[in-house]
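Structure file my_file08.txt (compact mmCIF, N, CA and C atoms and all ligand atoms) follows.
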```txt
# COMPACT_ATOMS: atom_id res chain seq x y z
N MET W 1 -9.57 7.30 -17.54
CA MET W 1 -10.11 6.27 -16.67
C MET W 1 -9.88 4.87 -17.24
N ASN W 2 -9.58 4.80 -18.54
CA ASN W 2 -9.33 3.50 -19.15
C ASN W 2 -8.00 2.90 -18.70
N GLU W 3 -7.18 3.74 -18.07
CA GLU W 3 -5.87 3.27 -17.64
C GLU W 3 -5.91 2.64 -16.26
N SER W 4 -7.06 2.62 -15.63
CA SER W 4 -7.12 2.10 -14.26
C SER W 4 -6.94 0.59 -14.24
N PHE W 5 -6.32 0.13 -13.20
CA PHE W 5 -6.13 -1.31 -13.03
C PHE W 5 -6.08 -1.62 -11.54
N VAL W 6 -6.30 -2.87 -11.23
CA VAL W 6 -6.18 -3.31 -9.84
C VAL W 6 -5.15 -4.43 -9.76
N GLN W 7 -4.55 -4.55 -8.59
CA GLN W 7 -3.57 -5.60 -8.35
C GLN W 7 -4.24 -6.80 -7.70
N LEU W 8 -3.97 -7.97 -8.24
CA LEU W 8 -4.54 -9.20 -7.70
C LEU W 8 -3.42 -10.10 -7.20
N LEU W 9 -3.73 -10.83 -6.14
CA LEU W 9 -2.78 -11.78 -5.59
C LEU W 9 -3.53 -13.05 -5.21
N CYS W 10 -3.08 -14.18 -5.71
CA CYS W 10 -3.72 -15.44 -5.34
C CYS W 10 -3.22 -15.87 -3.97
N PRO W 11 -4.14 -16.08 -3.00
CA PRO W 11 -3.73 -16.50 -1.66
C PRO W 11 -3.17 -17.92 -1.64
N GLU W 12 -3.42 -18.67 -2.67
CA GLU W 12 -3.00 -20.06 -2.69
C GLU W 12 -1.60 -20.24 -3.30
N CYS W 13 -1.41 -19.71 -4.53
CA CYS W 13 -0.13 -19.96 -5.22
C CYS W 13 0.75 -18.71 -5.30
N SER W 14 0.27 -17.59 -4.74
CA SER W 14 1.04 -16.35 -4.71
C SER W 14 1.29 -15.71 -6.07
N LYS W 15 0.58 -16.16 -7.08
CA LYS W 15 0.64 -15.47 -8.37
C LYS W 15 0.12 -14.06 -8.16
N ASN W 16 0.81 -13.07 -8.72
CA ASN W 16 0.24 -11.73 -8.70
C ASN W 16 0.24 -11.12 -10.09
N TRP W 17 -0.82 -10.40 -10.37
CA TRP W 17 -1.01 -9.83 -11.68
C TRP W 17 -1.95 -8.64 -11.57
N THR W 18 -2.13 -7.93 -12.67
CA THR W 18 -3.04 -6.79 -12.66
C THR W 18 -4.11 -7.00 -13.72
N THR W 19 -5.25 -6.36 -13.50
CA THR W 19 -6.32 -6.44 -14.47
C THR W 19 -7.16 -5.17 -14.42
N ASN W 20 -7.97 -4.99 -15.45
CA ASN W 20 -8.88 -3.86 -15.45
C ASN W 20 -10.07 -4.19 -14.54
N PRO W 21 -10.43 -3.27 -13.64
CA PRO W 21 -11.52 -3.56 -12.68
C PRO W 21 -12.86 -3.83 -13.36
N THR W 22 -13.04 -3.35 -14.58
CA THR W 22 -14.31 -3.60 -15.27
C THR W 22 -14.44 -5.07 -15.67
N LYS W 23 -13.33 -5.79 -15.65
CA LYS W 23 -13.37 -7.20 -16.03
C LYS W 23 -13.68 -8.11 -14.85
N LEU W 24 -13.70 -7.52 -13.66
CA LEU W 24 -14.03 -8.31 -12.48
C LEU W 24 -15.51 -8.16 -12.17
N GLY W 25 -16.09 -9.20 -11.62
CA GLY W 25 -17.50 -9.13 -11.24
C GLY W 25 -17.62 -8.51 -9.86
N PRO W 26 -18.79 -8.68 -9.26
CA PRO W 26 -19.01 -8.20 -7.89
C PRO W 26 -18.00 -8.82 -6.92
N LEU W 27 -17.72 -8.09 -5.84
CA LEU W 27 -16.68 -8.51 -4.90
C LEU W 27 -16.94 -9.87 -4.28
N ASP W 28 -18.18 -10.23 -4.15
CA ASP W 28 -18.49 -11.49 -3.48
C ASP W 28 -18.79 -12.63 -4.44
N SER W 29 -18.59 -12.40 -5.72
CA SER W 29 -18.79 -13.50 -6.66
C SER W 29 -17.54 -14.37 -6.70
N ALA W 30 -17.69 -15.59 -7.17
CA ALA W 30 -16.56 -16.52 -7.21
C ALA W 30 -15.59 -16.13 -8.31
N PHE W 31 -14.31 -16.29 -8.00
CA PHE W 31 -13.27 -15.97 -8.97
C PHE W 31 -12.25 -17.11 -8.96
N ASP W 32 -11.83 -17.51 -10.15
CA ASP W 32 -10.86 -18.61 -10.25
C ASP W 32 -9.47 -18.07 -10.59
N CYS W 33 -8.47 -18.50 -9.85
CA CYS W 33 -7.09 -18.15 -10.18
C CYS W 33 -6.74 -18.75 -11.55
N PRO W 34 -6.18 -17.96 -12.45
CA PRO W 34 -5.83 -18.47 -13.77
C PRO W 34 -4.67 -19.47 -13.73
N ASP W 35 -3.94 -19.50 -12.65
CA ASP W 35 -2.79 -20.41 -12.56
C ASP W 35 -3.12 -21.73 -11.87
N CYS W 36 -3.71 -21.64 -10.68
CA CYS W 36 -3.90 -22.86 -9.89
C CYS W 36 -5.36 -23.26 -9.74
N ASP W 37 -6.27 -22.45 -10.32
CA ASP W 37 -7.71 -22.76 -10.27
C ASP W 37 -8.32 -22.70 -8.87
N GLU W 38 -7.60 -22.09 -7.94
CA GLU W 38 -8.18 -21.85 -6.63
C GLU W 38 -9.41 -20.96 -6.79
N ARG W 39 -10.53 -21.34 -6.17
CA ARG W 39 -11.74 -20.53 -6.28
C ARG W 39 -12.07 -19.88 -4.95
N ARG W 40 -12.09 -18.57 -4.99
CA ARG W 40 -12.46 -17.79 -3.80
C ARG W 40 -13.27 -16.59 -4.25
N SER W 41 -13.78 -15.82 -3.29
CA SER W 41 -14.50 -14.61 -3.69
C SER W 41 -13.49 -13.60 -4.23
N THR W 42 -13.96 -12.75 -5.12
CA THR W 42 -13.08 -11.77 -5.77
C THR W 42 -12.31 -10.94 -4.75
N ARG W 43 -12.96 -10.57 -3.66
CA ARG W 43 -12.31 -9.67 -2.69
C ARG W 43 -11.06 -10.30 -2.08
N GLU W 44 -11.01 -11.61 -2.01
CA GLU W 44 -9.85 -12.26 -1.41
C GLU W 44 -8.61 -12.20 -2.30
N PHE W 45 -8.81 -11.90 -3.57
CA PHE W 45 -7.67 -11.76 -4.48
C PHE W 45 -7.13 -10.35 -4.54
N LEU W 46 -7.88 -9.39 -4.03
CA LEU W 46 -7.45 -8.00 -4.12
C LEU W 46 -6.37 -7.70 -3.09
N ARG W 47 -5.32 -7.09 -3.53
CA ARG W 47 -4.14 -6.94 -2.67
C ARG W 47 -4.28 -5.86 -1.62
N THR W 48 -4.85 -4.74 -1.99
CA THR W 48 -4.89 -3.62 -1.07
C THR W 48 -6.31 -3.05 -0.95
N HIS W 49 -6.49 -2.23 0.07
CA HIS W 49 -7.78 -1.56 0.27
C HIS W 49 -8.11 -0.67 -0.93
N ARG W 50 -7.10 -0.06 -1.48
CA ARG W 50 -7.29 0.79 -2.65
C ARG W 50 -7.88 -0.01 -3.82
N ASP W 51 -7.35 -1.22 -4.01
CA ASP W 51 -7.86 -2.06 -5.09
C ASP W 51 -9.32 -2.44 -4.85
N LEU W 52 -9.63 -2.75 -3.60
CA LEU W 52 -10.99 -3.10 -3.24
C LEU W 52 -11.95 -1.95 -3.54
N GLU W 53 -11.54 -0.74 -3.17
CA GLU W 53 -12.37 0.43 -3.39
C GLU W 53 -12.59 0.67 -4.89
N MET W 54 -11.54 0.42 -5.65
CA MET W 54 -11.66 0.66 -7.09
C MET W 54 -12.65 -0.30 -7.75
N VAL W 55 -12.62 -1.55 -7.31
CA VAL W 55 -13.57 -2.53 -7.87
C VAL W 55 -14.99 -2.14 -7.47
N LYS W 56 -15.15 -1.63 -6.27
CA LYS W 56 -16.47 -1.21 -5.81
C LYS W 56 -17.05 -0.13 -6.72
N GLN W 57 -16.21 0.76 -7.19
CA GLN W 57 -16.67 1.83 -8.08
C GLN W 57 -17.28 1.29 -9.35
N PHE W 58 -16.72 0.19 -9.83
CA PHE W 58 -17.20 -0.39 -11.08
C PHE W 58 -18.29 -1.42 -10.86
N ASP W 59 -18.59 -1.66 -9.61
CA ASP W 59 -19.56 -2.65 -9.22
C ASP W 59 -20.99 -2.14 -9.42
N GLY W 60 -21.13 -0.83 -9.55
CA GLY W 60 -22.45 -0.24 -9.71
C GLY W 60 -23.19 -0.07 -8.40
N SER W 61 -22.52 -0.35 -7.28
CA SER W 61 -23.19 -0.21 -5.98
C SER W 61 -22.67 0.99 -5.21
ZN ZN O 101 -3.36 -19.40 -7.71
```
Go ahead and render the structure in this file as structure tokens.
Amino acid sequence: MNESFVQLLCPECSKNWTTNPTKLGPLDSAFDCPDCDERRSTREFLRTHRDLEMVKQFDGS
């Protein structure tokens, strides 16, 4: 399970990268793009439904 990761995509600058879902907060918390500092909710950076579901698992909800 330590190998799990999610794909992120910035809607503003189109940067895409992957991260461990345990490093992300709740889906509706604010998240800053590491490249352009665009701030949106975490869910808006998640690329696919699968990624969203995976973050939910680690959300504790
Ligand atoms: Zn960005």
Which of chain W end up as helix (DSSP H, G or I) when DSSP is run on this backbone - answer as a PyMOL selection string? chain W and resi 21-23+42-45+49-58
Residues of chain W that approach ligand ZN 101 (chain O) to 6 Å or less, counting only N, CA and C atoms and all ligand atoms: could you list each one with the shortest pair of atoms and its distance in Å to one decimal, rows by chain and increasing residue number, as JSON lines?
```
{"residue": "W:Cys10", "atom": "CA", "partner": "O:ZN101", "partner_atom": "ZN", "distance": 4.6}
{"residue": "W:Pro11", "atom": "N", "partner": "O:ZN101", "partner_atom": "ZN", "distance": 5.8}
{"residue": "W:Glu12", "atom": "C", "partner": "O:ZN101", "partner_atom": "ZN", "distance": 4.8}
{"residue": "W:Cys13", "atom": "N", "partner": "O:ZN101", "partner_atom": "ZN", "distance": 3.7}
{"residue": "W:Ser14", "atom": "N", "partner": "O:ZN101", "partner_atom": "ZN", "distance": 5.0}
{"residue": "W:Lys15", "atom": "N", "partner": "O:ZN101", "partner_atom": "ZN", "distance": 5.1}
{"residue": "W:Cys33", "atom": "CA", "partner": "O:ZN101", "partner_atom": "ZN", "distance": 4.6}
{"residue": "W:Pro34", "atom": "N", "partner": "O:ZN101", "partner_atom": "ZN", "distance": 5.7}
{"residue": "W:Asp35", "atom": "C", "partner": "O:ZN101", "partner_atom": "ZN", "distance": 4.8}
{"residue": "W:Cys36", "atom": "N", "partner": "O:ZN101", "partner_atom": "ZN", "distance": 3.7}
{"residue": "W:Asp37", "atom": "N", "partner": "O:ZN101", "partner_atom": "ZN", "distance": 5.0}
{"residue": "W:Glu38", "atom": "N", "partner": "O:ZN101", "partner_atom": "ZN", "distance": 5.0}
```
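The closest residue to Arg40 (chain W), picked from W:Asp28, W:Asn20, W:Glu53, W:Phe58 and counting only C-alpha atoms, is W:Asp28.
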Figure out the distance between CA of Met54 (chain W) and atom N of Thr18 (chain W), please, to one decimal in Å. 14.0 Å
Arg50 (chain W): which residues within 12 Å, counting only C-alpha atoms, same-chain residues fewer than 3 positions away excluded, as a JSON list (two decimals) with N, CA and C atoms, in the frame of the given file?
```json
[["chain", "number", "residue", "atom", "x", "y", "z"],
["W", 4, "SER", "N", -7.06, 2.62, -15.63],
["W", 4, "SER", "CA", -7.12, 2.10, -14.26],
["W", 4, "SER", "C", -6.94, 0.59, -14.24],
["W", 5, "PHE", "N", -6.32, 0.13, -13.20],
["W", 5, "PHE", "CA", -6.13, -1.31, -13.03],
["W", 5, "PHE", "C", -6.08, -1.62, -11.54],
["W", 6, "VAL", "N", -6.30, -2.87, -11.23],
["W", 6, "VAL", "CA", -6.18, -3.31, -9.84],
["W", 6, "VAL", "C", -5.15, -4.43, -9.76],
["W", 7, "GLN", "N", -4.55, -4.55, -8.59],
["W", 7, "GLN", "CA", -3.57, -5.60, -8.35],
["W", 7, "GLN", "C", -4.24, -6.80, -7.70],
["W", 8, "LEU", "N", -3.97, -7.97, -8.24],
["W", 8, "LEU", "CA", -4.54, -9.20, -7.70],
["W", 8, "LEU", "C", -3.42, -10.10, -7.20],
["W", 21, "PRO", "N", -10.43, -3.27, -13.64],
["W", 21, "PRO", "CA", -11.52, -3.56, -12.68],
["W", 21, "PRO", "C", -12.86, -3.83, -13.36],
["W", 43, "ARG", "N", -12.96, -10.57, -3.66],
["W", 43, "ARG", "CA", -12.31, -9.67, -2.69],
["W", 43, "ARG", "C", -11.06, -10.30, -2.08],
["W", 46, "LEU", "N", -7.88, -9.39, -4.03],
["W", 46, "LEU", "CA", -7.45, -8.00, -4.12],
["W", 46, "LEU", "C", -6.37, -7.70, -3.09],
["W", 47, "ARG", "N", -5.32, -7.09, -3.53],
["W", 47, "ARG", "CA", -4.14, -6.94, -2.67],
["W", 47, "ARG", "C", -4.28, -5.86, -1.62],
["W", 53, "GLU", "N", -11.54, -0.74, -3.17],
["W", 53, "GLU", "CA", -12.37, 0.43, -3.39],
["W", 53, "GLU", "C", -12.59, 0.67, -4.89],
["W", 54, "MET", "N", -11.54, 0.42, -5.65],
["W", 54, "MET", "CA", -11.66, 0.66, -7.09],
["W", 54, "MET", "C", -12.65, -0.30, -7.75],
["W", 55, "VAL", "N", -12.62, -1.55, -7.31],
["W", 55, "VAL", "CA", -13.57, -2.53, -7.87],
["W", 55, "VAL", "C", -14.99, -2.14, -7.47],
["W", 56, "LYS", "N", -15.15, -1.63, -6.27],
["W", 56, "LYS", "CA", -16.47, -1.21, -5.81],
["W", 56, "LYS", "C", -17.05, -0.13, -6.72],
["W", 57, "GLN", "N", -16.21, 0.76, -7.19],
["W", 57, "GLN", "CA", -16.67, 1.83, -8.08],
["W", 57, "GLN", "C", -17.28, 1.29, -9.35]]
```
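The two atoms in question, atom C of Thr19 (chain W) and CA of Arg39 (chain W), are spaced 18.0 Å apart.
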Can you report as JSON the centre and edge lengths in Å, to one decimal, of an axis-aligned box around the listed atoms of region 26-37 of chain W padded with 5 Å on each side?
```
{"center_x": -10.9, "center_y": -15.7, "center_z": -8.6, "size_x": 26.2, "size_y": 25.2, "size_z": 20.3}
```
One decimal, Å: what's the distance from CA of Ala30 (chain W) over to CA of Thr42 (chain W), could you say?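 Going from CA of Ala30 (chain W) over to CA of Thr42 (chain W) covers 6.1 Å.
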Once DSSP has gone over the backbone, tell me which residues of chain W are in strand (DSSP E), as a list in words. Val6, Gln7, Leu8, Leu9, Asn16, Trp17, Thr18, Thr19, Ala30, Phe31, Asp32, Arg39, Arg40 and Ser41 of chain W
